[in-house]
$ cat data05.pdb   # PDB, C-alpha atoms, pLDDT in the B column
ATOM      1  CA  MET U  63     133.171 143.077 131.062  1.00 76.00           C
ATOM      2  CA  HIS U  64     129.485 142.626 131.903  1.00 86.00           C
ATOM      3  CA  PHE U  65     127.082 145.220 133.197  1.00 90.00           C
ATOM      4  CA  LYS U  66     123.847 145.402 135.153  1.00 94.00           C
ATOM      5  CA  LEU U  67     121.369 148.243 134.952  1.00 96.00           C
ATOM      6  CA  ILE U  68     120.091 149.324 138.331  1.00 97.00           C
ATOM      7  CA  ILE U  69     116.825 151.220 138.081  1.00 97.00           C
ATOM      8  CA  VAL U  70     115.976 153.225 141.172  1.00 96.00           C
ATOM      9  CA  MET U  71     112.743 155.070 141.870  1.00 94.00           C
ATOM     10  CA  CYS U  72     113.196 157.279 144.899  1.00 92.00           C
ATOM     11  CA  GLU U  73     111.677 160.287 146.567  1.00 89.00           C
ATOM     12  CA  PHE U  74     112.869 163.597 145.139  1.00 89.00           C
ATOM     13  CA  GLU U  75     114.375 164.636 148.477  1.00 91.00           C
ATOM     14  CA  LYS U  76     116.553 161.511 148.672  1.00 93.00           C
ATOM     15  CA  THR U  77     117.963 161.633 145.140  1.00 94.00           C
ATOM     16  CA  GLU U  78     121.334 163.191 145.983  1.00 96.00           C
ATOM     17  CA  ALA U  79     121.910 160.887 148.962  1.00 96.00           C
ATOM     18  CA  VAL U  80     121.034 157.835 146.843  1.00 97.00           C
ATOM     19  CA  LEU U  81     123.380 158.981 144.052  1.00 96.00           C
ATOM     20  CA  ASP U  82     126.192 159.521 146.559  1.00 96.00           C
ATOM     21  CA  ALA U  83     125.600 156.055 148.022  1.00 97.00           C
ATOM     22  CA  ALA U  84     125.713 154.472 144.556  1.00 96.00           C
ATOM     23  CA  ARG U  85     129.026 156.186 143.813  1.00 94.00           C
ATOM     24  CA  ASP U  86     130.470 155.153 147.179  1.00 95.00           C
ATOM     25  CA  ALA U  87     129.507 151.541 146.434  1.00 94.00           C
ATOM     26  CA  GLY U  88     131.219 151.491 143.025  1.00 90.00           C
ATOM     27  CA  ALA U  89     128.955 153.163 140.466  1.00 91.00           C
ATOM     28  CA  LYS U  90     130.726 155.565 138.105  1.00 87.00           C
ATOM     29  CA  GLY U  91     127.697 157.670 137.161  1.00 86.00           C
ATOM     30  CA  ALA U  92     123.959 157.759 136.622  1.00 93.00           C
ATOM     31  CA  THR U  93     121.198 159.262 134.536  1.00 94.00           C
ATOM     32  CA  VAL U  94     118.431 161.019 136.456  1.00 96.00           C
ATOM     33  CA  LEU U  95     114.921 161.299 135.050  1.00 95.00           C
ATOM     34  CA  ASN U  96     112.985 163.934 136.962  1.00 91.00           C
ATOM     35  CA  GLN U  97     109.339 164.263 137.890  1.00 81.00           C
ATOM     36  CA  ALA U  98     108.152 160.702 137.553  1.00 82.00           C
ATOM     37  CA  ARG U  99     105.016 159.504 139.287  1.00 73.00           C
ATOM     38  CA  GLY U 100     104.536 156.128 140.911  1.00 68.00           C
ATOM     39  CA  GLU U 101     101.674 154.186 142.409  1.00 66.00           C
ATOM     40  CA  GLY U 102     101.944 151.529 145.076  1.00 63.00           C
ATOM     41  CA  LEU U 103      99.348 149.208 146.532  1.00 63.00           C
ATOM     42  CA  SER U 104      96.831 151.991 146.855  1.00 63.00           C
ATOM     43  CA  GLY U 105      96.092 154.309 143.948  1.00 59.00           C
ATOM     44  CA  SER U 106      97.269 157.877 143.686  1.00 58.00           C
ATOM     45  CA  LYS U 107      95.858 160.456 146.074  1.00 59.00           C
ATOM     46  CA  SER U 108      94.031 163.483 144.764  1.00 57.00           C
ATOM     47  CA  PHE U 109      92.332 166.590 146.048  1.00 55.00           C
ATOM     48  CA  LEU U 110      89.745 168.304 143.852  1.00 57.00           C
ATOM     49  CA  GLY U 111      90.990 166.289 140.902  1.00 54.00           C
ATOM     50  CA  LEU U 112      94.653 167.295 141.355  1.00 54.00           C
ATOM     51  CA  SER U 113      97.247 164.661 142.148  1.00 51.00           C
ATOM     52  CA  ILE U 114      98.995 165.205 145.482  1.00 53.00           C
ATOM     53  CA  ASP U 115     101.514 162.379 145.187  1.00 62.00           C
ATOM     54  CA  SER U 116     105.096 163.214 146.007  1.00 68.00           C
ATOM     55  CA  GLN U 117     107.516 163.679 143.162  1.00 76.00           C
ATOM     56  CA  VAL U 118     109.906 160.812 142.451  1.00 87.00           C
ATOM     57  CA  ASN U 119     113.014 160.564 140.346  1.00 93.00           C
ATOM     58  CA  VAL U 120     114.114 157.595 138.280  1.00 96.00           C
ATOM     59  CA  LEU U 121     117.830 156.860 138.375  1.00 96.00           C
ATOM     60  CA  LEU U 122     119.460 154.679 135.740  1.00 97.00           C
ATOM     61  CA  VAL U 123     122.777 153.367 137.000  1.00 95.00           C
ATOM     62  CA  LEU U 124     124.920 151.205 134.721  1.00 93.00           C
ATOM     63  CA  VAL U 125     127.221 149.157 136.970  1.00 91.00           C
ATOM     64  CA  GLU U 126     129.855 146.520 136.368  1.00 89.00           C
ATOM     65  CA  GLU U 127     128.359 143.220 137.535  1.00 91.00           C
ATOM     66  CA  HIS U 128     130.873 142.690 140.370  1.00 89.00           C
ATOM     67  CA  PHE U 129     129.677 145.915 142.014  1.00 90.00           C
ATOM     68  CA  SER U 130     125.956 145.602 141.272  1.00 94.00           C
ATOM     69  CA  ARG U 131     124.741 143.851 144.420  1.00 96.00           C
ATOM     70  CA  ARG U 132     126.726 146.181 146.669  1.00 96.00           C
ATOM     71  CA  VAL U 133     125.316 149.248 144.855  1.00 96.00           C
ATOM     72  CA  LEU U 134     121.775 147.859 144.987  1.00 96.00           C
ATOM     73  CA  GLU U 135     121.936 147.178 148.721  1.00 96.00           C
ATOM     74  CA  LYS U 136     123.530 150.534 149.558  1.00 97.00           C
ATOM     75  CA  VAL U 137     120.944 152.444 147.524  1.00 96.00           C
ATOM     76  CA  ALA U 138     118.109 150.587 149.261  1.00 95.00           C
ATOM     77  CA  GLU U 139     119.636 151.264 152.672  1.00 95.00           C
ATOM     78  CA  VAL U 140     120.117 155.011 152.111  1.00 96.00           C
ATOM     79  CA  GLY U 141     116.679 155.343 150.526  1.00 94.00           C
ATOM     80  CA  SER U 142     115.028 153.415 153.399  1.00 93.00           C
ATOM     81  CA  PHE U 143     113.153 151.328 150.821  1.00 92.00           C
ATOM     82  CA  ASP U 144     112.500 148.398 153.164  1.00 91.00           C
ATOM     83  CA  GLU U 145     111.778 150.506 156.247  1.00 90.00           C
ATOM     84  CA  GLN U 146     109.324 153.048 154.834  1.00 85.00           C
ATOM     85  CA  PRO U 147     106.541 151.905 152.492  1.00 81.00           C
ATOM     86  CA  GLY U 148     106.311 154.088 149.405  1.00 79.00           C
ATOM     87  CA  SER U 149     109.818 155.518 149.773  1.00 85.00           C
ATOM     88  CA  GLY U 150     111.113 153.849 146.626  1.00 90.00           C
ATOM     89  CA  ILE U 151     112.288 150.692 144.946  1.00 93.00           C
ATOM     90  CA  ALA U 152     115.424 149.502 143.202  1.00 95.00           C
ATOM     91  CA  ILE U 153     115.763 146.676 140.699  1.00 96.00           C
ATOM     92  CA  GLN U 154     118.611 145.369 138.591  1.00 96.00           C
ATOM     93  CA  ILE U 155     118.494 143.806 135.159  1.00 97.00           C
ATOM     94  CA  ASP U 156     121.146 142.197 132.996  1.00 96.00           C
ATOM     95  CA  VAL U 157     122.564 144.269 130.168  1.00 93.00           C
ATOM     96  CA  GLU U 158     123.252 142.211 127.081  1.00 92.00           C
ATOM     97  CA  ASP U 159     125.373 144.850 125.383  1.00 88.00           C
ATOM     98  CA  ALA U 160     126.342 148.477 125.907  1.00 83.00           C
ATOM     99  CA  ILE U 161     127.862 151.070 123.593  1.00 84.00           C
ATOM    100  CA  GLY U 162     129.401 154.337 124.693  1.00 81.00           C
ATOM    101  CA  VAL U 163     130.958 153.048 127.904  1.00 75.00           C
ATOM    102  CA  HIS U 164     134.492 152.444 126.649  1.00 69.00           C
ATOM    103  CA  HIS U 165     135.923 155.193 128.863  1.00 68.00           C
ATOM    104  CA  GLN U 166     134.185 153.686 131.893  1.00 68.00           C
ATOM    105  CA  MET U 167     135.480 150.218 131.048  1.00 67.00           C
ATOM    106  CA  GLN U 168     139.053 151.489 131.182  1.00 63.00           C
ATOM    107  CA  ALA U 169     138.476 153.083 134.595  1.00 65.00           C
ATOM    108  CA  LEU U 170     136.626 150.012 135.884  1.00 63.00           C
ATOM    109  CA  SER U 171     139.278 147.486 134.835  1.00 65.00           C
ATOM    110  CA  HIS U 172     141.555 148.465 137.695  1.00 61.00           C
ATOM    111  CA  ASP U 173     138.709 148.511 140.253  1.00 69.00           C
ATOM    112  CA  VAL U 174     137.452 145.074 139.179  1.00 62.00           C
ATOM    113  CA  GLU U 175     140.937 143.573 139.351  1.00 64.00           C
ATOM    114  CA  GLU U 176     141.282 144.824 142.931  1.00 69.00           C
ATOM    115  CA  LEU U 177     137.886 143.413 143.841  1.00 65.00           C
ATOM    116  CA  ILE U 178     138.605 139.986 142.403  1.00 62.00           C
TER
END
$ encode --input "data05.pdb" --output "structure tokens"
Amino acid sequence: MHFKLIIVMCEFEKTEAVLDAARDAGAKGATVLNQARGEGLSGSKSFLGLSIDSQVNVLLVLVEEHFSRRVLEKVAEVGSFDEQPGSGIAIQIDVEDAIGVHHQMQALSHDVEELI
């Protein structure tokens, strides 16, 4: 079984909706890193030396490769990443090896067989 890591940076307010969308599309869980800060084409905004950028969360979603594209597209749709500049991004990278996911592999085996 091969995995992809989907890394999502989304607005704080959209985190729960994005997580729900990932689960609906086949993800079995995620790790959420709170209070990240991102910069887009223009630098961060400040007022009297204090940053006024919105808070973003980073979601790490380990997904079986057969579900990865579907999860990626659903997350982008729910987060409005292509419609609203600065609302977030999602990328996926190959995972060469993973330890500690044996229980997920057992649960995923049935889902992958149905998909294929």
$ resolve_selection --input "data05.pdb" --expression "the PyMOL selection byres ((chain U and resi 69) around 8)" --output "list of chain:residue names"
U:Leu67, U:Ile68, U:Val70, U:Met71, U:Val120, U:Leu121, U:Leu122, U:Val123, U:Ala152, U:Ile153, U:Gln154
$ closest_residue --input "data05.pdb" --among "U:Val133, U:Val125, U:Val118, U:Ala84" --to "Asp156 (chain U)" --atoms "all atoms listed in the file"
U:Val125
$ residues_near_point --input "data05.pdb" --point "(110.7, 164.8, 139.2)" --cutoff "10 Å" --atoms "only C-alpha atoms" --output "PyMOL selection string"
chain U and resi 72-75+77+94-99+116-120
$ residues_around --input "data05.pdb" --residues "Ala87 (chain U)" --least-positions-apart "5" --cutoff "12 Å" --atoms "only C-alpha atoms" --output "PyMOL selection string"
chain U and resi 80-82+123+125-126+128-140+173+177
$ atom_distance --input "data05.pdb" --atom1 "CA of Phe65 (chain U)" --atom2 "CA of Val157 (chain U)"
5.5 Å
$ atom_distance --input "data05.pdb" --atom1 "CA of Ser149 (chain U)" --atom2 "CA of Ala79 (chain U)"
13.3 Å
$ atom_distance --input "data05.pdb" --atom1 "CA of Lys76 (chain U)" --atom2 "CA of Gly141 (chain U)"
6.4 Å
$ closest_residue --input "data05.pdb" --among "U:Ile155, U:Val163, U:Ala92, U:Ala83" --to "Glu127 (chain U)" --atoms "all atoms listed in the file"
U:Ile155
